[in-house]
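Novice: Take a look at upload.csv, CSV, C-alpha atoms:
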chain,number,residue,atom,x,y,z
A,291,THR,CA,40.0,-21.1,-16.3
A,292,ALA,CA,42.4,-21.3,-19.3
A,293,VAL,CA,42.9,-25.0,-18.8
A,294,LYS,CA,39.1,-25.7,-18.8
A,295,LEU,CA,38.6,-23.6,-21.9
A,296,ALA,CA,41.5,-25.4,-23.7
A,297,ALA,CA,39.8,-28.7,-22.8
A,298,GLY,CA,36.7,-27.6,-24.6
A,299,GLU,CA,34.5,-26.4,-21.7
A,300,CYS,CA,32.9,-23.6,-23.7
A,301,ASP,CA,30.5,-22.7,-20.9
A,302,VAL,CA,33.3,-21.4,-18.6
A,303,HIS,CA,32.8,-17.6,-18.2
A,304,PRO,CA,35.7,-15.7,-16.5
A,305,ALA,CA,34.9,-12.4,-14.8
A,306,GLY,CA,36.1,-9.3,-16.6
A,307,ARG,CA,34.3,-9.5,-20.0
A,308,ALA,CA,32.1,-6.6,-19.0
A,309,GLY,CA,35.1,-4.5,-17.8
A,310,GLY,CA,35.8,-2.7,-21.0
A,311,ALA,CA,39.3,-1.7,-22.1
A,312,TRP,CA,42.1,-1.0,-19.7
A,313,PHE,CA,42.8,2.2,-21.6
A,314,THR,CA,41.0,3.9,-24.4
A,315,PHE,CA,41.5,6.9,-26.7
A,316,SER,CA,38.2,6.8,-28.4
A,317,GLY,CA,35.8,6.2,-25.5
A,318,THR,CA,33.5,4.0,-27.6
A,319,PRO,CA,30.9,1.9,-25.9
A,320,GLU,CA,32.9,-1.2,-26.5
A,321,ASP,CA,35.8,0.2,-24.6
A,322,LEU,CA,33.8,1.3,-21.5
A,323,PRO,CA,32.6,-1.0,-18.7
A,324,GLY,CA,29.1,-2.3,-19.3
A,325,ASP,CA,26.5,-3.9,-17.0
A,326,GLN,CA,28.5,-5.9,-14.4
A,327,ALA,CA,25.6,-8.3,-13.7
A,328,ALA,CA,27.3,-11.1,-15.8
A,329,ASP,CA,30.6,-10.6,-14.0
A,330,ASP,CA,28.8,-10.4,-10.6
A,331,ALA,CA,27.2,-13.8,-11.4
A,332,VAL,CA,30.7,-15.5,-11.4
A,333,SER,CA,32.0,-13.5,-8.4
A,334,LEU,CA,31.7,-13.7,-4.7
A,335,CYS,CA,29.3,-10.8,-3.9
A,336,PHE,CA,28.5,-8.9,-0.7
A,337,ASP,CA,25.5,-6.5,-0.9
A,338,GLY,CA,24.8,-3.5,1.3
A,339,THR,CA,21.4,-2.2,2.3
A,340,VAL,CA,19.3,-0.1,-0.1
A,341,LEU,CA,20.4,3.6,0.1
A,342,GLU,CA,17.7,6.0,1.5
A,343,HIS,CA,19.4,9.1,0.1
A,344,ASP,CA,21.6,10.0,-2.9
A,345,THR,CA,25.1,9.1,-1.7
A,346,LEU,CA,28.4,10.5,-2.8
A,347,VAL,CA,31.4,8.1,-3.3
A,348,LEU,CA,34.4,10.3,-3.3
A,349,GLY,CA,37.9,8.9,-2.6
A,350,SER,CA,39.7,5.6,-2.7
A,351,PRO,CA,37.9,2.6,-1.2
A,352,GLU,CA,39.9,-0.2,0.4
A,353,VAL,CA,39.0,-3.8,1.1
A,354,LYS,CA,40.8,-5.9,3.8
A,355,LEU,CA,40.4,-9.7,3.6
A,356,ALA,CA,41.6,-12.8,5.4
A,357,LEU,CA,42.2,-15.6,2.9
A,358,ARG,CA,43.0,-19.3,3.1
A,359,SER,CA,44.3,-21.5,0.3
A,360,GLN,CA,43.1,-25.0,-0.3
A,361,GLU,CA,46.7,-25.9,-1.2
A,362,ASP,CA,50.0,-24.8,0.2
A,363,GLU,CA,50.1,-21.1,-0.8
A,364,VAL,CA,47.9,-18.1,-1.3
A,365,LYS,CA,48.7,-17.0,-4.8
A,366,GLY,CA,47.3,-15.7,-8.0
A,367,ASN,CA,45.3,-12.5,-8.6
A,368,LEU,CA,42.5,-11.1,-6.5
A,369,VAL,CA,40.1,-8.5,-8.0
A,370,ALA,CA,37.7,-6.4,-6.0
A,371,ARG,CA,35.0,-4.4,-7.6
A,372,LEU,CA,32.7,-1.8,-6.0
A,373,CYS,CA,29.4,-1.7,-7.9
A,374,ALA,CA,26.1,0.2,-7.6
A,375,VAL,CA,23.2,-2.1,-8.2
A,376,GLY,CA,19.9,-0.6,-9.3
A,377,PRO,CA,16.3,-1.7,-8.4
A,378,THR,CA,16.1,-3.6,-11.7
A,379,GLY,CA,19.4,-5.5,-11.1
A,380,GLU,CA,21.6,-3.4,-13.4
A,381,SER,CA,25.1,-3.3,-11.9
A,382,VAL,CA,27.4,-0.3,-12.6
A,383,ARG,CA,31.1,-0.4,-11.8
A,384,VAL,CA,32.1,2.4,-9.5
A,385,SER,CA,35.7,1.4,-8.8
A,386,TYR,CA,38.0,-1.7,-8.9
A,387,GLY,CA,41.4,-2.8,-7.7
A,388,VAL,CA,43.7,-5.8,-8.3
A,389,VAL,CA,46.3,-7.3,-6.0
A,390,ASN,CA,49.0,-9.9,-7.0
A,391,LEU,CA,48.9,-12.4,-4.1
A,392,THR,CA,51.9,-14.4,-5.5
A,393,ALA,CA,54.2,-11.4,-5.0
A,394,GLY,CA,53.2,-11.4,-1.3
A,395,ARG,CA,54.9,-14.8,-0.8
A,396,TRP,CA,52.1,-15.9,1.6
A,397,GLY,CA,51.8,-19.3,3.2
A,398,LYS,CA,48.5,-21.1,3.5
A,399,GLU,CA,46.8,-18.0,4.9
A,400,ALA,CA,47.1,-14.3,4.1
A,401,ARG,CA,45.7,-11.0,5.3
A,402,VAL,CA,45.6,-8.6,2.3
A,403,ALA,CA,44.4,-5.1,1.5
A,404,VAL,CA,43.1,-4.3,-1.9
A,405,ALA,CA,43.3,-0.6,-2.8
A,406,LEU,CA,40.6,0.4,-5.3
A,407,SER,CA,40.9,3.3,-7.8
A,408,PHE,CA,39.8,6.8,-6.9
A,409,ALA,CA,36.0,7.2,-7.5
A,410,ALA,CA,33.8,10.3,-7.7
A,411,ARG,CA,30.2,9.2,-8.3
A,412,VAL,CA,26.7,9.9,-6.9
A,413,VAL,CA,24.8,6.7,-6.2
A,414,PRO,CA,21.0,7.4,-6.4
A,415,ALA,CA,18.6,6.5,-3.6
A,416,GLY,CA,17.1,3.1,-4.1
A,417,HIS,CA,20.4,1.6,-5.2
A,418,LYS,CA,22.7,-0.6,-3.1
A,419,LEU,CA,26.5,-0.9,-3.1
A,420,ARG,CA,28.0,-4.3,-3.9
A,421,LEU,CA,31.5,-5.7,-3.3
A,422,ALA,CA,32.4,-8.4,-5.9
A,423,LEU,CA,35.5,-10.5,-5.5
A,424,SER,CA,37.0,-12.7,-8.3
A,425,ARG,CA,40.2,-14.4,-9.2
A,426,ASP,CA,39.8,-13.4,-12.9
A,427,TYR,CA,39.4,-10.0,-14.6
A,428,TRP,CA,40.2,-11.0,-18.2
A,429,PRO,CA,41.1,-9.5,-20.6
A,430,ILE,CA,42.3,-6.5,-18.5
A,431,VAL,CA,44.3,-8.7,-16.1
A,432,CYS,CA,46.5,-11.5,-17.4
A,433,PRO,CA,45.6,-14.7,-15.4
A,434,GLN,CA,48.3,-16.6,-13.5
A,435,PRO,CA,48.9,-20.3,-14.0
A,436,GLY,CA,48.4,-23.0,-11.3
A,437,VAL,CA,46.0,-21.0,-9.1
A,438,ALA,CA,44.2,-22.9,-6.3
A,439,PRO,CA,40.8,-22.0,-4.9
A,440,LEU,CA,40.7,-19.6,-2.0
A,441,GLN,CA,38.4,-19.2,1.0
A,442,VAL,CA,37.4,-15.8,2.3
A,443,LEU,CA,37.4,-16.0,6.1
A,444,LEU,CA,34.5,-14.1,7.7
A,445,GLY,CA,33.7,-13.2,11.3
A,446,LYS,CA,34.9,-10.7,13.9
A,447,GLY,CA,38.3,-12.5,14.3
A,448,ALA,CA,39.1,-12.5,10.6
A,449,GLY,CA,39.8,-8.8,10.5
A,450,GLY,CA,38.2,-8.2,7.2
A,451,GLY,CA,36.2,-5.1,6.2
A,452,VAL,CA,35.5,-2.4,3.6
A,453,GLN,CA,36.4,1.2,4.0
A,454,LEU,CA,34.2,3.4,1.8
A,455,PRO,CA,34.5,7.2,1.4
A,456,LEU,CA,30.8,7.9,1.6
A,457,ALA,CA,28.6,10.9,2.4
A,458,ALA,CA,24.9,11.4,2.0
A,459,MET,CA,24.1,14.3,-0.5
A,460,THR,CA,21.9,15.7,2.2
A,461,SER,CA,24.7,16.2,4.6
A,462,ALA,CA,25.9,19.7,5.5
A,463,GLU,CA,29.5,18.7,4.7
A,464,VAL,CA,28.7,18.0,1.1
A,465,ALA,CA,26.7,21.2,0.7
A,466,LEU,CA,29.5,23.2,2.2
A,467,ALA,CA,32.2,21.6,-0.1
A,468,ALA,CA,30.1,22.3,-3.2
A,469,GLU,CA,29.6,25.9,-2.1
A,470,ARG,CA,33.3,26.4,-1.6
A,471,ALA,CA,34.1,24.8,-4.9
A,472,LEU,CA,31.7,26.9,-7.0
A,473,PRO,CA,34.1,30.0,-7.2
A,474,LEU,CA,36.8,27.7,-8.5
A,475,VAL,CA,34.8,26.9,-11.6
A,476,HIS,CA,35.6,29.3,-14.4
A,477,GLY,CA,32.8,30.9,-16.3
A,478,GLU,CA,34.6,30.5,-19.6
A,479,VAL,CA,36.6,27.6,-21.0
A,480,HIS,CA,39.0,28.4,-23.9
A,481,LEU,CA,39.8,25.5,-26.2
A,482,ALA,CA,42.6,25.4,-28.8
A,483,THR,CA,41.5,25.7,-32.4
A,484,ALA,CA,40.5,22.4,-33.8
A,485,GLU,CA,42.3,20.9,-36.8
A,486,GLN,CA,40.4,21.6,-40.0
A,487,ALA,CA,39.7,18.1,-41.4
A,488,SER,CA,37.4,16.6,-44.0
A,489,VAL,CA,36.2,13.0,-43.5
A,490,THR,CA,36.5,11.2,-46.9
A,491,ARG,CA,35.7,7.8,-45.5
A,492,PRO,CA,33.8,7.3,-42.2
A,493,GLY,CA,35.3,5.0,-39.5
A,494,SER,CA,33.7,2.2,-37.4
A,495,THR,CA,34.2,0.1,-34.3
A,496,SER,CA,33.2,-3.4,-33.5
A,497,GLN,CA,33.7,-6.0,-30.8
A,498,THR,CA,33.0,-9.8,-30.8
A,499,VAL,CA,33.1,-12.1,-27.9
A,500,GLY,CA,32.7,-15.9,-28.2
A,501,TYR,CA,34.2,-19.3,-27.8
A,502,ASP,CA,36.2,-20.5,-30.8
A,503,HIS,CA,35.5,-24.3,-31.0
A,504,GLN,CA,38.2,-24.9,-33.5
A,505,ALA,CA,40.8,-23.2,-31.5
A,506,ASN,CA,39.5,-24.3,-28.1
A,507,ALA,CA,39.7,-20.7,-26.7
A,508,LEU,CA,37.5,-17.9,-25.6
A,509,LYS,CA,38.2,-14.8,-27.8
A,510,VAL,CA,37.5,-11.1,-27.7
A,511,VAL,CA,38.2,-9.2,-30.9
A,512,ARG,CA,38.1,-5.4,-31.0
A,513,SER,CA,38.4,-3.5,-34.3
A,514,GLU,CA,38.7,0.2,-34.7
A,515,ASP,CA,38.7,1.8,-38.1
A,516,ARG,CA,39.3,5.6,-37.6
A,517,GLY,CA,38.3,6.2,-41.2
A,518,THR,CA,40.2,8.5,-43.7
A,519,LYS,CA,40.6,12.1,-42.9
A,520,LYS,CA,42.0,15.0,-45.0
A,521,LEU,CA,43.7,17.6,-43.0
A,522,ASP,CA,42.7,20.8,-44.8
A,523,SER,CA,44.9,23.0,-42.6
A,524,ARG,CA,48.0,20.9,-43.5
A,525,SER,CA,48.0,21.2,-47.2
A,526,GLY,CA,45.6,18.3,-47.7
A,527,THR,CA,47.5,15.6,-45.8
A,528,VAL,CA,45.6,12.3,-45.7
A,529,VAL,CA,45.6,10.1,-42.6
A,530,ASP,CA,44.1,6.6,-42.3
A,531,VAL,CA,44.5,4.4,-39.2
A,532,THR,CA,43.1,1.0,-38.3
A,533,THR,CA,43.6,-1.2,-35.2
A,534,ARG,CA,42.7,-4.8,-34.4
A,535,GLU,CA,43.1,-6.4,-31.0
A,536,GLU,CA,42.6,-10.0,-30.2
A,537,TYR,CA,42.5,-11.5,-26.7
A,538,SER,CA,42.5,-15.3,-26.4
A,539,LEU,CA,42.1,-17.5,-23.3
A,540,GLY,CA,42.5,-21.2,-23.6
A,541,LYS,CA,44.6,-23.4,-25.9
A,542,HIS,CA,47.7,-21.7,-27.4
A,543,GLU,CA,47.8,-21.8,-31.2
A,544,GLY,CA,49.6,-24.9,-32.5
A,545,LYS,CA,50.4,-26.1,-29.0
A,546,THR,CA,48.9,-28.3,-26.2
A,547,SER,CA,49.6,-25.8,-23.5
A,548,ALA,CA,46.9,-23.3,-22.2
A,549,GLY,CA,47.1,-19.7,-21.2
A,550,ALA,CA,46.4,-16.1,-22.3
A,551,MET,CA,47.4,-14.4,-25.5
A,552,HIS,CA,47.1,-10.8,-26.7
A,553,LYS,CA,47.7,-9.7,-30.3
A,554,VAL,CA,47.6,-6.2,-31.8
A,555,GLU,CA,47.7,-5.3,-35.5
A,556,TRP,CA,48.1,-1.5,-36.3
A,557,GLN,CA,48.2,0.0,-39.8
A,558,SER,CA,48.7,3.7,-40.7
A,559,LEU,CA,48.5,5.4,-44.1
A,560,LEU,CA,49.9,8.9,-44.5
A,561,GLU,CA,49.8,10.8,-47.8
A,562,GLN,CA,51.5,14.2,-47.6
A,563,PRO,CA,52.3,16.7,-50.3
A,564,VAL,CA,56.0,17.7,-50.5
A,565,PRO,CA,57.1,20.9,-52.2
A,566,SER,CA,59.1,20.3,-55.4
A,567,ALA,CA,59.2,16.6,-54.8
A,568,PRO,CA,56.9,13.5,-55.1
A,569,ALA,CA,54.3,13.3,-52.5
A,570,LEU,CA,55.0,11.1,-49.4
A,571,LYS,CA,52.9,7.9,-49.3
A,572,ALA,CA,53.9,6.1,-46.2
A,573,HIS,CA,52.3,2.9,-45.1
A,574,THR,CA,53.3,1.5,-41.7
A,575,GLN,CA,52.4,-1.8,-40.2
A,576,VAL,CA,53.0,-3.1,-36.6
A,577,GLU,CA,52.1,-6.5,-35.4
A,578,SER,CA,52.8,-7.5,-31.8
A,579,SER,CA,51.7,-10.4,-29.6
A,580,MET,CA,52.2,-11.6,-26.0
A,581,VAL,CA,51.7,-15.3,-25.1
A,582,GLY,CA,51.7,-16.3,-21.4
A,583,HIS,CA,53.2,-19.7,-20.8
A,584,ASN,CA,53.6,-21.3,-17.4
A,585,ASP,CA,57.2,-20.2,-16.8
A,586,HIS,CA,57.7,-17.3,-19.3
A,587,PHE,CA,56.1,-14.7,-21.6
A,588,GLU,CA,56.8,-14.8,-25.3
A,589,LEU,CA,56.8,-11.4,-27.0
A,590,ARG,CA,56.8,-11.2,-30.8
A,591,THR,CA,56.9,-7.9,-32.8
A,592,ARG,CA,57.1,-7.1,-36.5
A,593,VAL,CA,57.4,-3.6,-38.0
A,594,ARG,CA,57.2,-2.8,-41.7
A,595,ALA,CA,57.4,0.7,-43.4
A,596,VAL,CA,56.8,1.4,-47.1
A,597,ASP,CA,56.8,4.6,-49.1
A,598,CYS,CA,55.4,4.8,-52.6
A,599,GLY,CA,55.6,1.0,-52.8
A,600,LYS,CA,59.3,1.0,-51.8
A,601,LEU,CA,60.3,-1.0,-48.6
A,602,LEU,CA,62.0,1.4,-46.2
A,603,PHE,CA,62.3,-0.7,-43.1
A,604,GLU,CA,61.3,-4.2,-41.9
A,605,ARG,CA,62.2,-6.0,-38.7
A,606,GLU,CA,60.9,-8.9,-36.7
A,607,TRP,CA,62.1,-10.1,-33.3
A,608,VAL,CA,61.2,-12.3,-30.4
A,609,ASP,CA,61.8,-11.7,-26.7
A,610,THR,CA,61.3,-14.1,-23.8
A,611,VAL,CA,60.6,-12.7,-20.3
A,612,PRO,CA,60.9,-15.1,-17.3
A,613,ARG,CA,57.6,-15.4,-15.4
A,614,SER,CA,58.4,-14.5,-11.8
A,615,GLN,CA,55.6,-14.0,-9.3
A,616,VAL,CA,53.2,-12.9,-12.1
Show me, as structure tokens, the structure contained in the file I just sent.
Specialist:
Amino acid sequence: TAVKLAAGECDVHPAGRAGGAWFTFSGTPEDLPGDQAADDAVSLCFDGTVLEHDTLVLGSPEVKLALRSQEDEVKGNLVARLCAVGPTGESVRVSYGVVNLTAGRWGKEARVAVALSFAARVVPAGHKLRLALSRDYWPIVCPQPGVAPLQVLLGKGAGGGVQLPLAAMTSAEVALAAERALPLVHGEVHLATAEQASVTRPGSTSQTVGYDHQANALKVVRSEDRGTKKLDSRSGTVVDVTTREEYSLGKHEGKTSAGAMHKVEWQSLLEQPVPSAPALKAHTQVESSMVGHNDHFELRTRVRAVDCGKLLFEREWVDTVPRSQV
């Protein structure tokens, strides 16, 4: 995929763009998985029958597959998603799992099991469950270079299948479990006292996805501005934090090679009164990037700290990590 994007094929759409963030503090809509229909369109999908009853998915699904490579080895990533598809076609991700086929050191054929993350969701009647398979899940999963197409072998002799922890909400077992769990739910929930803070500048979040024709790369840019807050319970300490993440898949900047890149820029401003001394005005900047080459990862980091306009610390370094089975 990265090679095609680097060559200017801007219509290539890897699966994963609707996957949200791998981890989020804010829980903003941009960080949560959206409608999976676009990712399903570039995946191999297997649909179940329409559910007659509300159905509980509770546990860890598992997918077993028999694979055959069109070249010498079964390698690369394999991503399995379990989705709930509504009557109008909207696809909601219930769970997903990733397996690194390269680490298995398979030959031309492989039998693999993909463990999906724990799920607890009620799928309404009228929906159907979908298993979606893909080689990509970018930008959550870093793609591997030199990946050949795979065939999924079907039939009784292939040994493939899906294990789903399902139960109809009408079943006696679900009703009994809910009855037994009810006494465990406390009537009162006690929360710690919240920090007393005043918002002096509101924050914002944004995300852009698109093909950069000048860079020959598909880019996802996420920006989070947490605004400026004054902590009234801490003598008026002022905190301001901004973050910018950029994911790029295609041509590497200034090079002819192709691959994935992830760049993070983080800035923090802290103004804190100090008794009998000038106030602390600390400005911290961190820039970090990872570039995936065919045989190694290149990691660059820069840290800079300033107080009241005076440079306190600055360092920049580069690490190289050999790419072995990833």
Novice: Looking at all atoms listed in the file, which of A:Leu419, A:Arg605, A:Thr533, A:Val404 is the one that sits closest to A:Thr339?
Specialist: A:Leu419
Novice: Enter the distance from atom CA of A:Phe315 to atom CA of A:Arg524, in Å, rounded to one decimal.
Specialist: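 The value is 22.8 Å.
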Novice: Write out as an MDAnalysis selection string each polymer residue whose atoms come within 12 Å of stretch 546-550 of chain A, counting all atoms listed in the file; drop sequence neighbours fewer than 4 positions from it.
Specialist: chainID A and resid 291:298 426 428:436 505:510 536:542 579:588
Novice: Around the point (32.4, 0.3, -8.9) in the file's coordinates, collect all residues with an atom within 9 Å, using only C-alpha atoms, and return them as a list in words.
Specialist: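 The residues near that point, listed by chain and number, are Arg371, Leu372, Cys373, Ala374, Ser381, Val382, Arg383, Val384, Ser385, Tyr386, Leu406, Ala409, Leu419, Arg420 and Leu421 of chain A.
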Novice: Taking all atoms listed in the file into account, name the residue in A:His343, A:Arg395, A:Arg401, A:Arg358 that is nearest to A:Lys418.
Specialist: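 Smallest separation from A:Lys418 among the options: A:His343.
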Novice: Pick out the residues sitting within 12 Å of stretch 560-567 of chain A, and hand them over as number ranges by chain; count all atoms listed in the file, and ignore anything fewer than 2 positions along from it in its own chain.
Specialist: A: 518-522, 524-531, 557-558, 569-575, 595-598
Novice: May I have the residues from that selection written out with C-alpha atoms, as an mmCIF file, in the frame of the given file?
Specialist:
data_model
loop_
_atom_site.group_PDB
_atom_site.id
_atom_site.type_symbol
_atom_site.label_atom_id
_atom_site.label_comp_id
_atom_site.auth_asym_id
_atom_site.auth_seq_id
_atom_site.Cartn_x
_atom_site.Cartn_y
_atom_site.Cartn_z
ATOM 1 C CA THR A 518 40.200 8.500 -43.700
ATOM 2 C CA LYS A 519 40.600 12.100 -42.900
ATOM 3 C CA LYS A 520 42.000 15.000 -45.000
ATOM 4 C CA LEU A 521 43.700 17.600 -43.000
ATOM 5 C CA ASP A 522 42.700 20.800 -44.800
ATOM 6 C CA ARG A 524 48.000 20.900 -43.500
ATOM 7 C CA SER A 525 48.000 21.200 -47.200
ATOM 8 C CA GLY A 526 45.600 18.300 -47.700
ATOM 9 C CA THR A 527 47.500 15.600 -45.800
ATOM 10 C CA VAL A 528 45.600 12.300 -45.700
ATOM 11 C CA VAL A 529 45.600 10.100 -42.600
ATOM 12 C CA ASP A 530 44.100 6.600 -42.300
ATOM 13 C CA VAL A 531 44.500 4.400 -39.200
ATOM 14 C CA GLN A 557 48.200 0.000 -39.800
ATOM 15 C CA SER A 558 48.700 3.700 -40.700
ATOM 16 C CA ALA A 569 54.300 13.300 -52.500
ATOM 17 C CA LEU A 570 55.000 11.100 -49.400
ATOM 18 C CA LYS A 571 52.900 7.900 -49.300
ATOM 19 C CA ALA A 572 53.900 6.100 -46.200
ATOM 20 C CA HIS A 573 52.300 2.900 -45.100
ATOM 21 C CA THR A 574 53.300 1.500 -41.700
ATOM 22 C CA GLN A 575 52.400 -1.800 -40.200
ATOM 23 C CA ALA A 595 57.400 0.700 -43.400
ATOM 24 C CA VAL A 596 56.800 1.400 -47.100
ATOM 25 C CA ASP A 597 56.800 4.600 -49.100
ATOM 26 C CA CYS A 598 55.400 4.800 -52.600
#
Novice: Enter the distance from atom CA of A:Gly447 to atom CA of A:Ala356, in Å, rounded to one decimal.
Specialist: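 Separation between atom CA of A:Gly447 and atom CA of A:Ala356: 9.5 Å.
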Novice: Name the closest residue to A:Glu399 among the candidates A:Thr378, A:His417, A:Lys365, A:Val475; distances are taken between atoms, counting all atoms listed in the file.
Specialist: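 Closest candidate: A:Lys365.
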Novice: Go ahead and compute the interatomic distance for atom CA of A:Val413 and atom CA of A:Thr345, in Å to one decimal.
Specialist: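 Spanning atom CA of A:Val413 to atom CA of A:Thr345 is a straight-line distance of 5.1 Å.
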